[in-house]
Every structure is written in structure tokens, then in C-alpha cells.
>>> print(open('target.csv').read())   # CSV, C-alpha atoms
chain,number,residue,atom,x,y,z
A,1,MET,CA,-7.2,13.7,-25.3
A,2,SER,CA,-6.0,13.6,-28.9
A,3,CYS,CA,-4.4,10.3,-28.1
A,4,VAL,CA,-7.6,9.1,-26.5
A,5,ARG,CA,-9.8,10.1,-29.5
A,6,THR,CA,-7.4,8.5,-32.0
A,7,THR,CA,-7.1,5.2,-30.1
A,8,TYR,CA,-10.9,4.9,-29.7
A,9,ALA,CA,-11.6,5.8,-33.3
A,10,GLU,CA,-9.1,3.2,-34.6
A,11,GLU,CA,-9.5,0.4,-32.2
A,12,GLY,CA,-12.5,1.1,-30.0
A,13,ALA,CA,-12.5,0.7,-26.2
A,14,ARG,CA,-10.4,-2.5,-26.3
A,15,GLY,CA,-7.5,-0.4,-27.7
A,16,PHE,CA,-7.0,1.1,-24.3
A,17,PHE,CA,-6.3,-2.4,-22.9
A,18,ARG,CA,-4.0,-3.6,-25.6
A,19,GLY,CA,-0.8,-5.3,-24.2
A,20,MET,CA,-2.4,-5.6,-20.7
A,21,ILE,CA,-2.1,-9.4,-20.3
A,22,PRO,CA,1.7,-9.7,-19.9
A,23,PRO,CA,2.0,-7.1,-17.1
A,24,LEU,CA,-1.2,-8.3,-15.5
A,25,ILE,CA,0.2,-11.8,-15.2
A,26,THR,CA,3.8,-10.9,-14.1
A,27,VAL,CA,3.4,-7.6,-12.1
A,28,SER,CA,2.9,-9.4,-8.8
A,29,ILE,CA,5.9,-11.6,-9.4
A,30,ILE,CA,8.2,-8.7,-10.3
A,31,LYS,CA,6.9,-6.6,-7.4
A,32,SER,CA,7.5,-9.5,-5.0
A,33,VAL,CA,11.1,-10.0,-6.3
A,34,SER,CA,11.8,-6.3,-6.2
A,35,PHE,CA,10.7,-5.8,-2.6
A,36,THR,CA,12.5,-9.0,-1.5
A,37,ILE,CA,15.8,-7.9,-3.1
A,38,TYR,CA,15.3,-4.4,-1.6
A,39,GLU,CA,14.7,-5.7,1.9
A,40,GLY,CA,17.5,-8.3,1.6
A,41,SER,CA,20.0,-5.7,0.4
A,42,LYS,CA,19.1,-3.4,3.3
A,43,THR,CA,19.7,-6.2,5.8
A,44,ASN,CA,23.0,-7.2,4.1
A,45,LEU,CA,24.3,-3.6,4.1
A,46,ILE,CA,23.4,-3.1,7.8
A,47,GLU,CA,24.9,-6.4,8.9
A,48,HIS,CA,28.1,-6.6,6.8
A,49,TYR,CA,28.9,-3.1,5.7
A,50,GLY,CA,28.1,-0.9,8.8
A,51,PHE,CA,25.2,1.0,7.2
A,52,SER,CA,22.7,2.6,9.7
A,53,LYS,CA,19.1,3.5,9.4
A,54,ASP,CA,19.0,5.4,12.7
A,55,THR,CA,19.4,8.8,11.1
A,56,LEU,CA,17.5,10.3,8.2
A,57,PRO,CA,20.7,10.7,6.0
A,58,GLY,CA,21.7,7.2,6.9
A,59,LEU,CA,18.3,5.8,6.0
A,60,ALA,CA,18.3,7.7,2.7
A,61,LYS,CA,21.7,6.4,1.8
A,62,LEU,CA,20.8,2.8,2.8
A,63,SER,CA,17.5,2.9,0.8
A,64,LEU,CA,19.1,4.6,-2.2
A,65,ILE,CA,21.7,1.8,-2.6
A,66,SER,CA,19.3,-1.0,-1.8
A,67,GLY,CA,16.8,0.3,-4.3
A,68,GLY,CA,19.4,0.6,-7.0
A,69,VAL,CA,20.4,-3.0,-6.5
A,70,SER,CA,16.8,-4.1,-6.7
A,71,GLY,CA,16.1,-2.0,-9.8
A,72,ALA,CA,19.1,-3.3,-11.7
A,73,PHE,CA,18.2,-6.9,-11.1
A,74,ILE,CA,14.5,-6.4,-11.9
A,75,ALA,CA,15.4,-4.9,-15.3
A,76,LEU,CA,16.4,-8.4,-16.4
A,77,LEU,CA,12.9,-9.6,-15.8
A,78,SER,CA,10.9,-6.6,-16.8
A,79,CYS,CA,12.7,-5.6,-20.0
A,80,PRO,CA,11.2,-8.4,-22.2
A,81,LEU,CA,7.7,-7.8,-20.7
A,82,GLU,CA,7.8,-4.1,-21.4
A,83,LEU,CA,9.1,-4.7,-24.9
A,84,VAL,CA,6.2,-7.1,-25.7
A,85,LYS,CA,3.7,-4.7,-24.1
A,86,ILE,CA,5.0,-1.8,-26.3
A,87,GLN,CA,4.9,-4.0,-29.4
A,88,ARG,CA,1.3,-5.0,-28.7
A,89,GLN,CA,0.4,-1.4,-28.3
A,90,LEU,CA,2.0,-0.6,-31.6
A,91,GLU,CA,0.5,-3.5,-33.5
A,92,GLN,CA,-1.8,-1.5,-35.7
A,93,VAL,CA,0.9,0.9,-36.6
A,94,LEU,CA,3.3,-1.9,-37.4
A,95,LEU,CA,0.7,-3.7,-39.4
A,96,LYS,CA,0.1,-0.7,-41.6
A,97,ASN,CA,3.9,-0.3,-42.2
A,98,GLN,CA,4.2,-4.0,-43.1
A,99,ILE,CA,1.3,-3.8,-45.6
A,100,ALA,CA,2.7,-0.6,-47.1
A,101,SER,CA,6.1,-2.3,-47.5
A,102,GLY,CA,4.6,-5.4,-49.1
A,103,GLN,CA,5.7,-7.7,-46.2
A,104,ILE,CA,2.2,-9.0,-45.8
A,105,PRO,CA,-0.9,-8.9,-48.1
A,106,ALA,CA,-3.4,-6.1,-47.5
A,107,ASN,CA,-6.3,-8.6,-47.1
A,108,GLU,CA,-4.5,-11.0,-44.7
A,109,VAL,CA,-6.2,-11.5,-41.4
A,110,VAL,CA,-3.6,-11.2,-38.6
A,111,GLN,CA,-4.3,-12.8,-35.2
A,112,SER,CA,-3.3,-10.4,-32.4
A,113,SER,CA,-1.7,-11.9,-29.2
A,114,SER,CA,1.2,-11.4,-26.9
A,115,TRP,CA,2.6,-14.7,-27.9
A,116,ARG,CA,2.6,-13.6,-31.6
A,117,ALA,CA,4.5,-10.5,-30.6
A,118,VAL,CA,7.1,-12.6,-28.8
A,119,LYS,CA,7.5,-14.9,-31.9
A,120,GLN,CA,7.8,-11.9,-34.2
A,121,ILE,CA,10.6,-10.4,-32.0
A,122,VAL,CA,12.5,-13.7,-31.8
A,123,GLN,CA,12.1,-14.3,-35.6
A,124,ARG,CA,13.5,-10.8,-36.4
A,125,LYS,CA,16.0,-10.3,-33.6
A,126,GLY,CA,16.7,-13.7,-32.1
A,127,VAL,CA,16.0,-14.8,-28.5
A,128,PHE,CA,18.2,-12.0,-27.1
A,129,GLY,CA,16.1,-9.5,-29.1
A,130,LEU,CA,13.6,-9.8,-26.2
A,131,TRP,CA,16.2,-7.8,-24.2
A,132,SER,CA,16.5,-5.0,-26.7
A,133,GLY,CA,17.2,-1.7,-24.9
A,134,LEU,CA,18.3,-3.5,-21.8
A,135,GLY,CA,21.1,-1.0,-21.0
A,136,CYS,CA,18.7,1.9,-21.1
A,137,HIS,CA,16.1,-0.1,-19.3
A,138,SER,CA,18.5,-1.0,-16.5
A,139,VAL,CA,19.6,2.6,-16.0
A,140,ARG,CA,15.9,3.6,-15.8
A,141,ASP,CA,15.0,0.9,-13.3
A,142,ALA,CA,18.1,1.3,-11.1
A,143,LEU,CA,17.8,5.1,-10.9
A,144,GLY,CA,14.0,5.1,-10.6
A,145,THR,CA,13.8,2.3,-8.0
A,146,SER,CA,16.6,3.8,-5.9
A,147,ILE,CA,14.8,7.2,-5.8
A,148,TYR,CA,11.5,5.4,-5.3
A,149,PHE,CA,12.5,3.5,-2.1
A,150,ALA,CA,14.6,6.3,-0.7
A,151,GLY,CA,11.8,8.7,-1.2
A,152,TYR,CA,9.4,6.4,0.5
A,153,GLU,CA,11.5,5.6,3.5
A,154,THR,CA,12.6,9.2,4.2
A,155,MET,CA,9.1,10.6,3.7
A,156,LYS,CA,7.7,8.0,6.0
A,157,ARG,CA,10.3,8.9,8.6
A,158,VAL,CA,9.6,12.6,8.2
A,159,LEU,CA,5.8,12.2,8.6
A,160,SER,CA,6.0,10.0,11.7
A,161,SER,CA,8.0,10.1,14.9
A,162,GLU,CA,9.3,6.6,14.1
A,163,GLY,CA,9.1,4.7,10.9
A,164,SER,CA,7.8,1.6,12.6
A,165,SER,CA,4.8,3.6,14.2
A,166,ALA,CA,3.7,5.1,10.9
A,167,GLY,CA,0.0,4.7,10.2
A,168,PRO,CA,-2.0,3.9,7.0
A,169,MET,CA,-2.3,7.6,6.0
A,170,THR,CA,1.5,8.0,6.3
A,171,HIS,CA,2.1,4.9,4.2
A,172,PHE,CA,-0.5,6.2,1.6
A,173,MET,CA,1.0,9.7,1.4
A,174,SER,CA,4.6,8.5,1.4
A,175,GLY,CA,3.9,6.0,-1.4
A,176,GLY,CA,2.2,8.7,-3.6
A,177,PHE,CA,5.1,11.1,-2.9
A,178,CYS,CA,7.8,8.6,-3.8
A,179,GLY,CA,6.0,7.6,-7.0
A,180,ILE,CA,5.8,11.2,-8.2
A,181,LEU,CA,9.4,12.0,-7.2
A,182,SER,CA,10.9,9.0,-9.0
A,183,TRP,CA,8.9,9.7,-12.2
A,184,LEU,CA,9.9,13.4,-12.2
A,185,ILE,CA,13.5,12.4,-12.3
A,186,VAL,CA,13.5,9.3,-14.4
A,187,PHE,CA,10.9,10.3,-17.0
A,188,PRO,CA,13.3,11.5,-19.7
A,189,VAL,CA,15.3,8.2,-19.5
A,190,ASP,CA,12.0,6.3,-19.7
A,191,ALA,CA,10.9,8.4,-22.8
A,192,ILE,CA,14.2,7.5,-24.6
A,193,LYS,CA,13.9,3.8,-23.6
A,194,THR,CA,10.4,3.6,-24.8
A,195,ASN,CA,11.2,5.2,-28.2
A,196,LEU,CA,14.1,2.8,-28.6
A,197,GLN,CA,11.9,-0.2,-27.9
A,198,LYS,CA,9.2,1.2,-30.2
A,199,ASP,CA,11.7,1.4,-33.0
A,200,ILE,CA,13.1,-2.1,-32.6
A,201,MET,CA,10.6,-3.8,-34.9
A,202,MET,CA,10.1,-1.0,-37.5
A,203,VAL,CA,11.0,-1.9,-41.1
A,204,GLN,CA,13.5,1.0,-41.1
A,205,PRO,CA,14.7,1.7,-37.5
A,206,LYS,CA,15.4,5.4,-36.9
A,207,TYR,CA,17.7,5.1,-33.9
A,208,THR,CA,21.1,3.4,-33.5
A,209,ASN,CA,21.7,3.9,-29.8
A,210,PHE,CA,20.6,5.8,-26.7
A,211,TRP,CA,22.3,9.0,-27.5
A,212,ASN,CA,21.2,9.0,-31.1
A,213,CYS,CA,17.6,8.6,-29.9
A,214,ALA,CA,18.0,11.3,-27.2
A,215,ARG,CA,19.5,13.8,-29.7
A,216,SER,CA,16.8,13.1,-32.3
A,217,LEU,CA,14.0,13.6,-29.7
A,218,VAL,CA,15.5,16.9,-28.6
A,219,ARG,CA,16.0,18.1,-32.1
A,220,LYS,CA,12.4,17.3,-33.0
A,221,ASN,CA,10.6,18.6,-29.9
A,222,GLY,CA,13.2,20.4,-27.8
A,223,VAL,CA,14.1,19.3,-24.3
A,224,LYS,CA,10.4,19.5,-23.3
A,225,GLY,CA,9.8,16.6,-25.8
A,226,LEU,CA,11.6,14.3,-23.3
A,227,TYR,CA,8.8,15.1,-20.8
A,228,ARG,CA,5.9,14.5,-23.2
A,229,GLY,CA,3.2,12.6,-21.4
A,230,LEU,CA,4.6,13.4,-17.9
A,231,ASN,CA,1.3,14.9,-16.7
A,232,VAL,CA,-0.6,11.7,-17.4
A,233,THR,CA,2.2,9.6,-15.7
A,234,LEU,CA,2.1,11.8,-12.6
A,235,ILE,CA,-1.7,11.6,-12.4
A,236,ARG,CA,-1.4,7.8,-12.6
A,237,ALA,CA,1.6,7.6,-10.2
A,238,PHE,CA,0.1,8.9,-7.0
A,239,PRO,CA,-2.9,6.5,-6.6
A,240,ILE,CA,-0.9,3.5,-7.9
A,241,HIS,CA,2.1,3.9,-5.6
A,242,SER,CA,0.0,5.1,-2.6
A,243,LEU,CA,-2.0,1.9,-2.8
A,244,ASN,CA,1.1,-0.1,-3.5
A,245,PHE,CA,2.8,0.8,-0.2
A,246,LEU,CA,-0.4,1.0,1.8
A,247,VAL,CA,-1.3,-2.6,0.9
A,248,TYR,CA,2.4,-3.7,1.3
A,249,GLU,CA,2.7,-2.3,4.8
A,250,GLN,CA,-0.7,-3.7,5.9
A,251,VAL,CA,0.1,-7.2,4.6
A,252,LEU,CA,3.4,-7.1,6.5
A,253,LYS,CA,1.6,-6.3,9.7
A,254,SER,CA,-0.7,-9.3,9.2
A,255,ILE,CA,2.2,-11.8,8.7
A,256,PRO,CA,3.4,-13.3,12.0
A,257,PRO,CA,7.1,-12.8,12.7
A,258,PRO,CA,9.4,-15.8,12.1
A,259,GLN,CA,10.0,-18.0,15.1
>>> encode(input="target.csv", output="C-alpha cells")
Amino acid sequence: MSCVRTTYAEEGARGFFRGMIPPLITVSIIKSVSFTIYEGSKTNLIEHYGFSKDTLPGLAKLSLISGGVSGAFIALLSCPLELVKIQRQLEQVLLKNQIASGQIPANEVVQSSSWRAVKQIVQRKGVFGLWSGLGCHSVRDALGTSIYFAGYETMKRVLSSEGSSAGPMTHFMSGGFCGILSWLIVFPVDAIKTNLQKDIMMVQPKYTNFWNCARSLVRKNGVKGLYRGLNVTLIRAFPIHSLNFLVYEQVLKSIPPPQ
């Protein structure tokens, strides 16, 4: 609530939507690619490597590996987008730092946009600066996506006699469960990744690498500091991922099978 009050006081209601455009435009593409790679990986592992989805442990193993492959690939696409989103959300903080350091005049009017954020990152760090924090980002996405899909598939199997006969409520509950489970495990990695990407455009960066950032956060706030904001994330996770899989499964049922 302190964060809500500060955001509203400094930027008004629009501050809550800062950095929304890049994920709004690209989220459907990234989700489509993620699910496509996941399903393709499952098929490939079953056909060429002898994996089985007939038993619960076999299904969990298959989904875990396929999800990891999907997450690792998706990180290449989502890393620049998340970096730009984070920089947009920090624009006011960065602007104050730049004025204080004399980089820009105090009375200069600065136009705010995602494209401006991209140009700033490229000017400061080069084109590959858009992939700052990619290693940490890849670990987060590979780990989170593997748990995400494995959690969903196993929960769906547990809640129904057969995965294929699962109904909308099973899809809804399984999606919410896997969203919460994946965030519970991957949240500390995400916290470190986000702090690294926040730091990338600061005048004087505080962190040199993943472990330096992790140690700094633990020294400052203890281990529980790595879980700061978890409650809000979990509240958000259940409805988002419940609807994600509910819609996904219903759309699949409406698409005629290939001839």
C-alpha cells in the first residue's frame, strides 16, 4: 500500500500503467511461441527419446524438461521486453538521478515512451545492452516454465481420471495452482534479475553480477528480502494463470484436428 500511495502521489493513476505497451503488444506472441515449443518438445521427446506420459512420474518428467526448453528459448525474446518495461517503470527515478548529476537540465521537458527507453539503452550499452541480465533471465524462465508446465500437467492428471477428459474447472484450478507453485520457487531468482535490470541504466550501478546482487540484497534485508513483493505476485498469479490455461484448453477444443 505504501508503494501504491507513492506511485499515485508522484504520477497519478497513469503511473500504474507505465511500461504496459511493450508487454501488451508482445505477450500473445511470446505465449504462442512458448506453448508451441512446449508441445513440440513433448512430441519430440515421446517419439525419439522414449519418454512416456502414461504415468504421473513420467508425465511430470516429460513436462519438466519440455517446459525448461520452452523457457530457455523464450528468454531470448522476453528479456529485452522486460528490460524496457522495467526502465519505463523507473523513468521518474532515473530522471531525478540524471538531473541531480547534471546530465540533463532541470527545466528540460522529457518525452516519455517505450521507444525512447530502447534508444537510451542502446546509446548507453549498445544493441546487446537490450539483453542485459540475459543469463539470470534465462535461469528464471527455464526454471519457472519447467515447474509451471509440470505443475499444470500433473495437477490436471490428479484432479481428473484422465487428462484428456478434464473439464473447465480442472483447467482453471490446475492453472492457478501451477502459477502459484512456479512463483513460490522462482521468485528469489526473479527478484535478483529485476534488481540487476533496474541497475543497468543507473549513473553509478551498484551490482557487478548475479551473486554480487544476491549478497547485497541479503545483507540489506536478510533472506526474506528476496521474497519482498511475493504476496502481491501470488495474488496476481492465481487468476492470471487460471484464465490462461482455461482459455488455452477451450480454444484447443474448438480447433478441428489436422486432416
>>> atom_distance(input="target.csv", atom1="CA of Phe210 in chain A", atom2="CA of Lys198 in chain A")
12.8 Å
>>> closest_residue(input="target.csv", among="A:Ser182, A:Thr233, A:Thr43, A:Asn244", to="Ile147 in chain A", atoms="all atoms listed in the file")
A:Ser182
>>> closest_residue(input="target.csv", among="A:His137, A:Lys193, A:Lys125, A:His241", to="Phe177 in chain A", atoms="all atoms listed in the file")
A:His241
>>> closest_residue(input="target.csv", among="A:Lys119, A:Lys31, A:Arg14, A:Arg88", to="Ala75 in chain A", atoms="only C-alpha atoms")
A:Lys31
>>> atom_distance(input="target.csv", atom1="CA of Ser70 in chain A", atom2="CA of Thr154 in chain A")
17.7 Å
